[in-house]
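Colleague: Once you've had a glance at the structure underneath, I'll fire off some questions.
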Number of protein chains: 2
Amino acid sequence: MYLSTSDQKKEATEWFISLRDQICSAFEKLEEDYNGPNKSMAPGKFARKHWDRDGGGGGVMSIMEGRLFEKVGVNVSTVMGTFSQEFSKEITGAQDDPRFWASGISVVAHMWSPHVPAVHMNTRHITTTKSWFGGGSDLTPMVRNDDDKEIFHSAFEATCNRYDLTYYPRFKKWCDEYFYLAHRNEPRGIGGIFYDQLDDNFESDFLFTKDIGSTFNTVFPKIVQRHMDDTWTEKQREMQLIKRGRYVEFNLLHDRGTLFGLKTGGNVEAILMSLPPQVAWPAPSL
Amino acid sequence: MYLSTSDQKKEATEWFISLRDQICSAFEKLEEDYNGPNKSMAPGKFARKHWDRDGGGGGVMSIMEGRLFEKVGVNVSTVMGTFSQEFSKEITGAQDDPRFWASGISVVAHMWSPHVPAVHMNTRHITTTKSWFGGGSDLTPMVRNDDDKEIFHSAFEATCNRYDLTYYPRFKKWCDEYFYLAHRNEPRGIGGIFYDQLDDNFESDFLFTKDIGSTFNTVFPKIVQRHMDDTWTEKQREMQLIKRGRYVEFNLLHDRGTLFGLKTGGNVEAILMSLPPQVAWPAPSL
């Protein structure tokens, strides 16, 4: 519907960078507060790596390998250019004019503790001859679930309900459908929300998208704190590494964002930042 | 060209089973002869797991987790049925009659030692309204190469040359093109041979395919023996786990066999037997 102005693009980009800073600072705080099995290690700090995109724009990866966060990437990017003829057909508003502009933030965290879920959050603003917001967040518990699912969903439900009572049921369902391993007939995790092509009007869509980012940065640390100091067994760690294998299978076989990025010459390092640091595929049990 | 008779199908199936037994026995012998860093562990033995296919046929996985072979699968299967309309379009000879029969053997070995390459070998016989053989073998060194590449290629070149002087150059090139990680602009390993749709005549194509299996079972153990007792460093093991990540990326993003199997409801356990037991994707270096 709407086409965002350069002021709006600037505003969106600045928000993603501000959210990146808020998330990095919340995660570093968790590293400091941590008092679990790895406490003899030094608390982790984010490091940054810039990259430029052939064709226009670039991004910054914020990377931390800590004592609580085994590997976490908080990536922001703002890219622009022209879709190939093949891809412009598939993109809203790009059929007749293949130019695009896109800005967003993407977070994937894999934790040392099998008791703390892995998490993903991504929000983005895209402009072709149309313009929209998209994003979402989903949680992947490893060996236990407890009340994490309820806490995670309730937080996003409350946020959604402040904007539109149809959002949460629609976006929860979309998330369940998206993060599904068809080849194994199993979900990646316990879901969350997923939305795309939100183009009612810039102001309210942007407010909602900001609120999703802030909700993530409140609810995920809360879930981390519930379990982060608990000890784990070798068996639980092994179960975590196997569950992470499913995460890899999803991202490389099914995730449209990953496949689209790799096929359109995106930054491989930034795209595959989502892959877990250690993974196991043991031989099938007999 | 030719359509294989039921005697020919039986002969092919029996060969794949016989080759499976020969390979398992050669690999168990290597486990016994092993005198490297893991020698205090017991030598591995293969275990078997049968599976039935909805729609017809099934297979047997032979699985070993040893002290030299960290994880190796030697799978045989014979399956038959009807391709979905979507897939029959893509398969030679299945456009007008979607019935198929297929039998084959597939081997993937991942070794404890970073000095010993991972290896893949697969040969198969397929019948639709046409009939053909296909297969190949390729080697993936982890942290060193030495003369392994030369030894591996020479063995397959000599075998190819006994049948047709055009085979080796064509099948080597095909292998290099197939086992290529387009998203990283890098090959999976050092290649080998890959062939498909070989349908000159059953007798000579079958002889060639048998010879490829036997060549594999001579040359790979020879390469293993060259390095299997060497010690390795933690750094080399880490490099191996990272290189294995590339193997996973290839199999899940690019390997047509894997993707075809998963999309057509193949046995997920048998198909994903190819994935390495332990893999690492560390954070990008700064």
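Labels for the structure tokens follow display order: chains A, B, ..., residues from 1 in each chain, ligands from 1.
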After a least-squares superposition on chain B over all sequentially paired C-alpha atoms, what is chain A as a PDB file with C-alpha atoms, in the first residue's frame?

Modeller:
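So the final result, stored in part-v9.pdb, reads:
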ATOM      1  CA  MET A   1      17.631 -47.571 -23.865  1.00  0.00           C
ATOM      2  CA  TYR A   2      17.370 -50.970 -22.306  1.00  0.00           C
ATOM      3  CA  LEU A   3      14.773 -52.148 -19.815  1.00  0.00           C
ATOM      4  CA  SER A   4      16.191 -54.538 -17.251  1.00  0.00           C
ATOM      5  CA  THR A   5      14.574 -57.926 -16.789  1.00  0.00           C
ATOM      6  CA  SER A   6      13.646 -59.320 -13.405  1.00  0.00           C
ATOM      7  CA  ASP A   7      16.750 -61.520 -13.534  1.00  0.00           C
ATOM      8  CA  GLN A   8      18.886 -58.444 -14.089  1.00  0.00           C
ATOM      9  CA  LYS A   9      17.205 -56.594 -11.216  1.00  0.00           C
ATOM     10  CA  LYS A  10      17.845 -59.595  -8.982  1.00  0.00           C
ATOM     11  CA  GLU A  11      21.469 -59.750 -10.075  1.00  0.00           C
ATOM     12  CA  ALA A  12      21.971 -56.024  -9.356  1.00  0.00           C
ATOM     13  CA  THR A  13      20.301 -56.232  -5.947  1.00  0.00           C
ATOM     14  CA  GLU A  14      22.401 -59.234  -4.990  1.00  0.00           C
ATOM     15  CA  TRP A  15      25.559 -57.405  -5.998  1.00  0.00           C
ATOM     16  CA  PHE A  16      24.759 -54.377  -3.862  1.00  0.00           C
ATOM     17  CA  ILE A  17      24.212 -56.682  -0.878  1.00  0.00           C
ATOM     18  CA  SER A  18      27.430 -58.569  -1.595  1.00  0.00           C
ATOM     19  CA  LEU A  19      29.354 -55.291  -1.913  1.00  0.00           C
ATOM     20  CA  ARG A  20      27.831 -54.122   1.372  1.00  0.00           C
ATOM     21  CA  ASP A  21      29.192 -57.262   3.050  1.00  0.00           C
ATOM     22  CA  GLN A  22      32.638 -56.786   1.502  1.00  0.00           C
ATOM     23  CA  ILE A  23      32.802 -53.141   2.598  1.00  0.00           C
ATOM     24  CA  CYS A  24      31.613 -53.842   6.143  1.00  0.00           C
ATOM     25  CA  SER A  25      34.168 -56.576   6.467  1.00  0.00           C
ATOM     26  CA  ALA A  26      37.017 -54.386   5.112  1.00  0.00           C
ATOM     27  CA  PHE A  27      36.051 -51.554   7.499  1.00  0.00           C
ATOM     28  CA  GLU A  28      35.844 -53.909  10.490  1.00  0.00           C
ATOM     29  CA  LYS A  29      39.311 -55.191   9.576  1.00  0.00           C
ATOM     30  CA  LEU A  30      40.601 -51.595   9.668  1.00  0.00           C
ATOM     31  CA  GLU A  31      39.008 -51.169  13.113  1.00  0.00           C
ATOM     32  CA  GLU A  32      40.902 -54.251  14.289  1.00  0.00           C
ATOM     33  CA  ASP A  33      44.235 -53.227  12.774  1.00  0.00           C
ATOM     34  CA  TYR A  34      43.988 -49.706  14.170  1.00  0.00           C
ATOM     35  CA  ASN A  35      46.822 -48.654  16.476  1.00  0.00           C
ATOM     36  CA  GLY A  36      46.252 -44.892  16.845  1.00  0.00           C
ATOM     37  CA  PRO A  37      45.251 -42.470  19.638  1.00  0.00           C
ATOM     38  CA  ASN A  38      41.910 -44.238  20.338  1.00  0.00           C
ATOM     39  CA  LYS A  39      43.444 -47.716  20.537  1.00  0.00           C
ATOM     40  CA  SER A  40      42.247 -48.234  24.127  1.00  0.00           C
ATOM     41  CA  MET A  41      38.687 -48.328  22.773  1.00  0.00           C
ATOM     42  CA  ALA A  42      37.222 -51.623  21.520  1.00  0.00           C
ATOM     43  CA  PRO A  43      37.274 -52.140  17.739  1.00  0.00           C
ATOM     44  CA  GLY A  44      33.894 -51.276  16.207  1.00  0.00           C
ATOM     45  CA  LYS A  45      31.467 -53.795  14.702  1.00  0.00           C
ATOM     46  CA  PHE A  46      28.623 -53.037  12.314  1.00  0.00           C
ATOM     47  CA  ALA A  47      25.042 -53.295  13.549  1.00  0.00           C
ATOM     48  CA  ARG A  48      22.066 -53.588  11.181  1.00  0.00           C
ATOM     49  CA  LYS A  49      18.683 -51.899  11.095  1.00  0.00           C
ATOM     50  CA  HIS A  50      15.945 -52.882   8.638  1.00  0.00           C
ATOM     51  CA  TRP A  51      13.265 -50.526   7.415  1.00  0.00           C
ATOM     52  CA  ASP A  52      10.187 -50.924   5.240  1.00  0.00           C
ATOM     53  CA  ARG A  53       9.011 -48.352   2.776  1.00  0.00           C
ATOM     54  CA  ASP A  54       5.376 -47.268   2.596  1.00  0.00           C
ATOM     55  CA  GLY A  55       4.530 -47.987  -0.997  1.00  0.00           C
ATOM     56  CA  GLY A  56       6.922 -50.883  -1.536  1.00  0.00           C
ATOM     57  CA  GLY A  57      10.352 -52.204  -0.701  1.00  0.00           C
ATOM     58  CA  GLY A  58      12.752 -51.142   2.004  1.00  0.00           C
ATOM     59  CA  GLY A  59      16.351 -51.338   3.044  1.00  0.00           C
ATOM     60  CA  VAL A  60      18.978 -52.178   5.597  1.00  0.00           C
ATOM     61  CA  MET A  61      21.285 -49.693   7.286  1.00  0.00           C
ATOM     62  CA  SER A  62      24.625 -51.029   8.464  1.00  0.00           C
ATOM     63  CA  ILE A  63      25.918 -48.683  11.127  1.00  0.00           C
ATOM     64  CA  MET A  64      29.235 -48.606  12.955  1.00  0.00           C
ATOM     65  CA  GLU A  65      30.512 -46.211  15.610  1.00  0.00           C
ATOM     66  CA  GLY A  66      34.057 -47.401  16.156  1.00  0.00           C
ATOM     67  CA  ARG A  67      37.426 -46.161  17.324  1.00  0.00           C
ATOM     68  CA  LEU A  68      38.691 -45.295  13.825  1.00  0.00           C
ATOM     69  CA  PHE A  69      35.338 -44.791  12.087  1.00  0.00           C
ATOM     70  CA  GLU A  70      33.518 -42.211  14.219  1.00  0.00           C
ATOM     71  CA  LYS A  71      30.318 -42.867  12.257  1.00  0.00           C
ATOM     72  CA  VAL A  72      29.876 -44.886   9.105  1.00  0.00           C
ATOM     73  CA  GLY A  73      26.710 -45.982   7.362  1.00  0.00           C
ATOM     74  CA  VAL A  74      26.561 -48.586   4.601  1.00  0.00           C
ATOM     75  CA  ASN A  75      22.987 -48.588   3.358  1.00  0.00           C
ATOM     76  CA  VAL A  76      21.374 -50.855   0.794  1.00  0.00           C
ATOM     77  CA  SER A  77      17.817 -50.434  -0.391  1.00  0.00           C
ATOM     78  CA  THR A  78      15.483 -51.792  -3.047  1.00  0.00           C
ATOM     79  CA  VAL A  79      12.325 -49.758  -3.503  1.00  0.00           C
ATOM     80  CA  MET A  80       9.526 -49.654  -6.024  1.00  0.00           C
ATOM     81  CA  GLY A  81       6.311 -47.746  -6.532  1.00  0.00           C
ATOM     82  CA  THR A  82       4.847 -44.838  -8.433  1.00  0.00           C
ATOM     83  CA  PHE A  83       6.318 -41.341  -8.670  1.00  0.00           C
ATOM     84  CA  SER A  84       4.018 -38.447  -7.867  1.00  0.00           C
ATOM     85  CA  GLN A  85       2.910 -36.502 -10.930  1.00  0.00           C
ATOM     86  CA  GLU A  86       5.299 -33.702  -9.948  1.00  0.00           C
ATOM     87  CA  PHE A  87       8.330 -35.990  -9.851  1.00  0.00           C
ATOM     88  CA  SER A  88       7.567 -38.211 -12.814  1.00  0.00           C
ATOM     89  CA  LYS A  89       8.135 -35.178 -15.047  1.00  0.00           C
ATOM     90  CA  GLU A  90      11.719 -34.915 -13.840  1.00  0.00           C
ATOM     91  CA  ILE A  91      12.645 -38.597 -14.152  1.00  0.00           C
ATOM     92  CA  THR A  92      13.919 -40.202 -17.334  1.00  0.00           C
ATOM     93  CA  GLY A  93      11.319 -42.542 -18.788  1.00  0.00           C
ATOM     94  CA  ALA A  94       8.660 -41.758 -16.169  1.00  0.00           C
ATOM     95  CA  GLN A  95       6.696 -39.086 -18.023  1.00  0.00           C
ATOM     96  CA  ASP A  96       4.052 -41.415 -19.396  1.00  0.00           C
ATOM     97  CA  ASP A  97       4.325 -44.228 -16.864  1.00  0.00           C
ATOM     98  CA  PRO A  98       5.239 -43.156 -13.320  1.00  0.00           C
ATOM     99  CA  ARG A  99       6.176 -46.631 -12.054  1.00  0.00           C
ATOM    100  CA  PHE A 100       9.774 -47.153 -10.918  1.00  0.00           C
ATOM    101  CA  TRP A 101      12.096 -49.705  -9.353  1.00  0.00           C
ATOM    102  CA  ALA A 102      15.428 -48.743  -7.793  1.00  0.00           C
ATOM    103  CA  SER A 103      18.141 -50.584  -5.954  1.00  0.00           C
ATOM    104  CA  GLY A 104      21.441 -49.290  -4.663  1.00  0.00           C
ATOM    105  CA  ILE A 105      24.158 -48.998  -2.062  1.00  0.00           C
ATOM    106  CA  SER A 106      25.312 -45.841  -0.319  1.00  0.00           C
ATOM    107  CA  VAL A 107      28.333 -45.403   1.944  1.00  0.00           C
ATOM    108  CA  VAL A 108      29.352 -42.354   3.970  1.00  0.00           C
ATOM    109  CA  ALA A 109      32.213 -42.551   6.477  1.00  0.00           C
ATOM    110  CA  HIS A 110      33.305 -39.897   8.974  1.00  0.00           C
ATOM    111  CA  MET A 111      36.542 -40.681  10.791  1.00  0.00           C
ATOM    112  CA  TRP A 112      37.800 -39.711  14.250  1.00  0.00           C
ATOM    113  CA  SER A 113      41.161 -38.691  12.852  1.00  0.00           C
ATOM    114  CA  PRO A 114      41.364 -35.316  11.117  1.00  0.00           C
ATOM    115  CA  HIS A 115      44.146 -36.882   9.035  1.00  0.00           C
ATOM    116  CA  VAL A 116      41.829 -39.425   7.415  1.00  0.00           C
ATOM    117  CA  PRO A 117      39.427 -38.062   4.770  1.00  0.00           C
ATOM    118  CA  ALA A 118      35.667 -38.531   4.898  1.00  0.00           C
ATOM    119  CA  VAL A 119      34.381 -40.530   1.963  1.00  0.00           C
ATOM    120  CA  HIS A 120      31.180 -41.150   0.038  1.00  0.00           C
ATOM    121  CA  MET A 121      30.340 -43.905  -2.447  1.00  0.00           C
ATOM    122  CA  ASN A 122      27.016 -44.711  -4.031  1.00  0.00           C
ATOM    123  CA  THR A 123      25.968 -46.935  -6.930  1.00  0.00           C
ATOM    124  CA  ARG A 124      22.444 -47.656  -8.074  1.00  0.00           C
ATOM    125  CA  HIS A 125      20.341 -49.352 -10.734  1.00  0.00           C
ATOM    126  CA  ILE A 126      17.051 -47.705 -11.699  1.00  0.00           C
ATOM    127  CA  THR A 127      14.225 -48.859 -13.950  1.00  0.00           C
ATOM    128  CA  THR A 128      11.298 -46.822 -15.252  1.00  0.00           C
ATOM    129  CA  THR A 129      10.202 -47.342 -18.859  1.00  0.00           C
ATOM    130  CA  LYS A 130      13.989 -47.029 -19.277  1.00  0.00           C
ATOM    131  CA  SER A 131      16.753 -48.461 -17.187  1.00  0.00           C
ATOM    132  CA  TRP A 132      20.215 -47.300 -16.183  1.00  0.00           C
ATOM    133  CA  PHE A 133      23.107 -47.345 -13.707  1.00  0.00           C
ATOM    134  CA  GLY A 134      24.540 -44.392 -11.819  1.00  0.00           C
ATOM    135  CA  GLY A 135      26.924 -43.738  -8.995  1.00  0.00           C
ATOM    136  CA  GLY A 136      30.324 -42.486  -8.018  1.00  0.00           C
ATOM    137  CA  SER A 137      32.629 -41.776  -5.139  1.00  0.00           C
ATOM    138  CA  ASP A 138      34.273 -38.654  -3.777  1.00  0.00           C
ATOM    139  CA  LEU A 139      36.798 -37.892  -1.063  1.00  0.00           C
ATOM    140  CA  THR A 140      36.735 -35.063   1.483  1.00  0.00           C
ATOM    141  CA  PRO A 141      40.086 -34.522   3.213  1.00  0.00           C
ATOM    142  CA  MET A 142      39.829 -32.567   6.446  1.00  0.00           C
ATOM    143  CA  VAL A 143      43.123 -30.935   7.413  1.00  0.00           C
ATOM    144  CA  ARG A 144      45.627 -32.446   5.006  1.00  0.00           C
ATOM    145  CA  ASN A 145      45.697 -33.931   1.581  1.00  0.00           C
ATOM    146  CA  ASP A 146      49.170 -35.317   0.922  1.00  0.00           C
ATOM    147  CA  ASP A 147      49.039 -37.752  -1.948  1.00  0.00           C
ATOM    148  CA  ASP A 148      45.536 -38.983  -1.127  1.00  0.00           C
ATOM    149  CA  LYS A 149      44.012 -37.044  -3.984  1.00  0.00           C
ATOM    150  CA  GLU A 150      46.389 -38.577  -6.499  1.00  0.00           C
ATOM    151  CA  ILE A 151      45.899 -42.103  -5.146  1.00  0.00           C
ATOM    152  CA  PHE A 152      42.113 -41.774  -5.112  1.00  0.00           C
ATOM    153  CA  HIS A 153      41.822 -40.338  -8.609  1.00  0.00           C
ATOM    154  CA  SER A 154      44.357 -42.725 -10.153  1.00  0.00           C
ATOM    155  CA  ALA A 155      42.433 -45.723  -8.892  1.00  0.00           C
ATOM    156  CA  PHE A 156      39.153 -44.585 -10.457  1.00  0.00           C
ATOM    157  CA  GLU A 157      40.902 -43.428 -13.608  1.00  0.00           C
ATOM    158  CA  ALA A 158      42.433 -46.879 -14.110  1.00  0.00           C
ATOM    159  CA  THR A 159      39.051 -48.537 -13.600  1.00  0.00           C
ATOM    160  CA  CYS A 160      37.262 -46.139 -15.939  1.00  0.00           C
ATOM    161  CA  ASN A 161      39.912 -46.615 -18.628  1.00  0.00           C
ATOM    162  CA  ARG A 162      39.261 -50.350 -18.744  1.00  0.00           C
ATOM    163  CA  TYR A 163      35.751 -49.558 -20.049  1.00  0.00           C
ATOM    164  CA  ASP A 164      35.822 -46.320 -22.028  1.00  0.00           C
ATOM    165  CA  LEU A 165      38.559 -43.717 -22.335  1.00  0.00           C
ATOM    166  CA  THR A 166      35.968 -40.918 -22.249  1.00  0.00           C
ATOM    167  CA  TYR A 167      34.569 -42.046 -18.849  1.00  0.00           C
ATOM    168  CA  TYR A 168      37.189 -40.691 -16.474  1.00  0.00           C
ATOM    169  CA  PRO A 169      37.436 -37.140 -17.874  1.00  0.00           C
ATOM    170  CA  ARG A 170      33.627 -36.884 -18.163  1.00  0.00           C
ATOM    171  CA  PHE A 171      32.846 -38.458 -14.802  1.00  0.00           C
ATOM    172  CA  LYS A 172      35.575 -36.527 -12.960  1.00  0.00           C
ATOM    173  CA  LYS A 173      34.218 -33.228 -14.319  1.00  0.00           C
ATOM    174  CA  TRP A 174      30.655 -34.257 -13.441  1.00  0.00           C
ATOM    175  CA  CYS A 175      31.806 -34.986  -9.884  1.00  0.00           C
ATOM    176  CA  ASP A 176      33.556 -31.614  -9.539  1.00  0.00           C
ATOM    177  CA  GLU A 177      30.427 -29.852 -10.766  1.00  0.00           C
ATOM    178  CA  TYR A 178      28.086 -31.847  -8.543  1.00  0.00           C
ATOM    179  CA  PHE A 179      29.962 -31.660  -5.233  1.00  0.00           C
ATOM    180  CA  TYR A 180      30.282 -27.891  -5.234  1.00  0.00           C
ATOM    181  CA  LEU A 181      29.095 -25.443  -2.561  1.00  0.00           C
ATOM    182  CA  ALA A 182      27.795 -22.643  -4.781  1.00  0.00           C
ATOM    183  CA  HIS A 183      26.993 -20.379  -1.792  1.00  0.00           C
ATOM    184  CA  ARG A 184      30.633 -20.473  -0.689  1.00  0.00           C
ATOM    185  CA  ASN A 185      32.248 -20.892  -4.087  1.00  0.00           C
ATOM    186  CA  GLU A 186      34.175 -23.880  -2.860  1.00  0.00           C
ATOM    187  CA  PRO A 187      34.263 -27.619  -3.661  1.00  0.00           C
ATOM    188  CA  ARG A 188      33.113 -30.105  -1.014  1.00  0.00           C
ATOM    189  CA  GLY A 189      36.324 -32.072  -1.228  1.00  0.00           C
ATOM    190  CA  ILE A 190      38.837 -33.153  -3.844  1.00  0.00           C
ATOM    191  CA  GLY A 191      36.318 -34.862  -6.127  1.00  0.00           C
ATOM    192  CA  GLY A 192      36.349 -38.334  -7.602  1.00  0.00           C
ATOM    193  CA  ILE A 193      33.858 -39.563 -10.180  1.00  0.00           C
ATOM    194  CA  PHE A 194      30.106 -39.169 -10.665  1.00  0.00           C
ATOM    195  CA  TYR A 195      27.998 -40.791 -13.397  1.00  0.00           C
ATOM    196  CA  ASP A 196      24.325 -41.205 -14.087  1.00  0.00           C
ATOM    197  CA  GLN A 197      21.961 -42.456 -16.802  1.00  0.00           C
ATOM    198  CA  LEU A 198      24.514 -44.999 -17.986  1.00  0.00           C
ATOM    199  CA  ASP A 199      22.410 -47.121 -20.324  1.00  0.00           C
ATOM    200  CA  ASP A 200      24.597 -48.513 -23.113  1.00  0.00           C
ATOM    201  CA  ASN A 201      23.789 -52.107 -22.243  1.00  0.00           C
ATOM    202  CA  PHE A 202      23.082 -53.905 -19.013  1.00  0.00           C
ATOM    203  CA  GLU A 203      26.062 -56.256 -19.049  1.00  0.00           C
ATOM    204  CA  SER A 204      28.854 -53.738 -19.554  1.00  0.00           C
ATOM    205  CA  ASP A 205      27.210 -51.010 -17.447  1.00  0.00           C
ATOM    206  CA  PHE A 206      26.718 -53.463 -14.607  1.00  0.00           C
ATOM    207  CA  LEU A 207      30.320 -54.705 -14.875  1.00  0.00           C
ATOM    208  CA  PHE A 208      31.542 -51.118 -14.734  1.00  0.00           C
ATOM    209  CA  THR A 209      29.317 -50.322 -11.737  1.00  0.00           C
ATOM    210  CA  LYS A 210      30.551 -53.413  -9.900  1.00  0.00           C
ATOM    211  CA  ASP A 211      34.108 -52.399 -10.646  1.00  0.00           C
ATOM    212  CA  ILE A 212      33.528 -48.900  -9.236  1.00  0.00           C
ATOM    213  CA  GLY A 213      32.304 -50.454  -5.983  1.00  0.00           C
ATOM    214  CA  SER A 214      35.291 -52.785  -5.797  1.00  0.00           C
ATOM    215  CA  THR A 215      37.702 -49.970  -6.623  1.00  0.00           C
ATOM    216  CA  PHE A 216      36.253 -47.953  -3.764  1.00  0.00           C
ATOM    217  CA  ASN A 217      36.698 -50.883  -1.404  1.00  0.00           C
ATOM    218  CA  THR A 218      40.363 -51.176  -2.375  1.00  0.00           C
ATOM    219  CA  VAL A 219      41.425 -47.552  -2.581  1.00  0.00           C
ATOM    220  CA  PHE A 220      39.681 -46.106   0.463  1.00  0.00           C
ATOM    221  CA  PRO A 221      41.114 -48.627   2.960  1.00  0.00           C
ATOM    222  CA  LYS A 222      44.526 -47.946   1.411  1.00  0.00           C
ATOM    223  CA  ILE A 223      44.125 -44.203   2.092  1.00  0.00           C
ATOM    224  CA  VAL A 224      42.871 -44.893   5.629  1.00  0.00           C
ATOM    225  CA  GLN A 225      45.896 -47.056   6.389  1.00  0.00           C
ATOM    226  CA  ARG A 226      48.272 -44.288   5.336  1.00  0.00           C
ATOM    227  CA  HIS A 227      47.195 -41.970   8.193  1.00  0.00           C
ATOM    228  CA  MET A 228      45.025 -43.872  10.642  1.00  0.00           C
ATOM    229  CA  ASP A 229      47.594 -44.259  13.406  1.00  0.00           C
ATOM    230  CA  ASP A 230      48.846 -40.653  13.333  1.00  0.00           C
ATOM    231  CA  THR A 231      48.162 -38.462  16.370  1.00  0.00           C
ATOM    232  CA  TRP A 232      46.330 -35.171  15.990  1.00  0.00           C
ATOM    233  CA  THR A 233      46.060 -31.888  17.861  1.00  0.00           C
ATOM    234  CA  GLU A 234      42.943 -30.262  19.309  1.00  0.00           C
ATOM    235  CA  LYS A 235      43.320 -27.546  16.697  1.00  0.00           C
ATOM    236  CA  GLN A 236      43.250 -30.139  13.893  1.00  0.00           C
ATOM    237  CA  ARG A 237      40.149 -31.749  15.393  1.00  0.00           C
ATOM    238  CA  GLU A 238      38.491 -28.301  15.520  1.00  0.00           C
ATOM    239  CA  MET A 239      39.381 -27.736  11.838  1.00  0.00           C
ATOM    240  CA  GLN A 240      37.836 -31.127  11.053  1.00  0.00           C
ATOM    241  CA  LEU A 241      34.570 -30.226  12.819  1.00  0.00           C
ATOM    242  CA  ILE A 242      34.378 -26.965  10.865  1.00  0.00           C
ATOM    243  CA  LYS A 243      35.088 -28.700   7.553  1.00  0.00           C
ATOM    244  CA  ARG A 244      32.305 -31.139   8.446  1.00  0.00           C
ATOM    245  CA  GLY A 245      29.977 -28.135   8.697  1.00  0.00           C
ATOM    246  CA  ARG A 246      30.619 -27.559   4.994  1.00  0.00           C
ATOM    247  CA  TYR A 247      29.704 -31.195   4.391  1.00  0.00           C
ATOM    248  CA  VAL A 248      26.370 -30.632   6.146  1.00  0.00           C
ATOM    249  CA  GLU A 249      25.779 -27.421   4.199  1.00  0.00           C
ATOM    250  CA  PHE A 250      26.362 -29.267   0.937  1.00  0.00           C
ATOM    251  CA  ASN A 251      24.117 -32.198   1.789  1.00  0.00           C
ATOM    252  CA  LEU A 252      21.189 -30.098   3.029  1.00  0.00           C
ATOM    253  CA  LEU A 253      21.437 -27.159   0.613  1.00  0.00           C
ATOM    254  CA  HIS A 254      22.674 -28.693  -2.641  1.00  0.00           C
ATOM    255  CA  ASP A 255      22.726 -32.488  -2.764  1.00  0.00           C
ATOM    256  CA  ARG A 256      20.000 -33.471  -5.214  1.00  0.00           C
ATOM    257  CA  GLY A 257      19.932 -37.051  -3.906  1.00  0.00           C
ATOM    258  CA  THR A 258      19.277 -35.895  -0.336  1.00  0.00           C
ATOM    259  CA  LEU A 259      16.664 -33.317  -1.312  1.00  0.00           C
ATOM    260  CA  PHE A 260      14.924 -35.734  -3.672  1.00  0.00           C
ATOM    261  CA  GLY A 261      14.826 -38.441  -0.995  1.00  0.00           C
ATOM    262  CA  LEU A 262      13.421 -36.111   1.655  1.00  0.00           C
ATOM    263  CA  LYS A 263      10.805 -34.666  -0.701  1.00  0.00           C
ATOM    264  CA  THR A 264       9.619 -38.068  -1.894  1.00  0.00           C
ATOM    265  CA  GLY A 265       9.087 -39.452   1.591  1.00  0.00           C
ATOM    266  CA  GLY A 266      12.262 -41.536   1.748  1.00  0.00           C
ATOM    267  CA  ASN A 267      13.572 -42.964   5.020  1.00  0.00           C
ATOM    268  CA  VAL A 268      14.852 -39.864   6.885  1.00  0.00           C
ATOM    269  CA  GLU A 269      17.184 -41.856   9.123  1.00  0.00           C
ATOM    270  CA  ALA A 270      18.830 -43.601   6.171  1.00  0.00           C
ATOM    271  CA  ILE A 271      19.075 -40.431   4.065  1.00  0.00           C
ATOM    272  CA  LEU A 272      20.541 -38.330   6.874  1.00  0.00           C
ATOM    273  CA  MET A 273      22.968 -41.075   7.886  1.00  0.00           C
ATOM    274  CA  SER A 274      25.375 -39.014   5.754  1.00  0.00           C
ATOM    275  CA  LEU A 275      25.542 -36.219   8.356  1.00  0.00           C
ATOM    276  CA  PRO A 276      28.707 -36.166  10.491  1.00  0.00           C
ATOM    277  CA  PRO A 277      28.463 -37.219  14.150  1.00  0.00           C
ATOM    278  CA  GLN A 278      29.977 -33.996  15.552  1.00  0.00           C
ATOM    279  CA  VAL A 279      30.047 -30.654  13.745  1.00  0.00           C
ATOM    280  CA  ALA A 280      31.049 -27.095  14.621  1.00  0.00           C
ATOM    281  CA  TRP A 281      30.038 -23.701  13.284  1.00  0.00           C
ATOM    282  CA  PRO A 282      32.053 -21.320  15.454  1.00  0.00           C
ATOM    283  CA  ALA A 283      31.324 -17.594  15.388  1.00  0.00           C
ATOM    284  CA  PRO A 284      32.952 -15.807  12.418  1.00  0.00           C
ATOM    285  CA  SER A 285      36.537 -14.765  13.011  1.00  0.00           C
ATOM    286  CA  LEU A 286      36.978 -11.019  13.429  1.00  0.00           C
TER     287      LEU A 286
END

Colleague: Give me every strand (DSSP E or B) residue in stretch 18-265 of chain B, going by DSSP on the backbone, as a ChimeraX atom specification.

Modeller: /B:47-52,57-64,69-82,99-111,118-127,131-140,180-181,186-187,192-198

Colleague: Going by DSSP on the backbone, which bits of stretch 100-232 of chain B are alpha helix (DSSP H)? Write them as a PyMOL selection string, please.

Modeller: chain B and resi 148-161+167-178+202-227
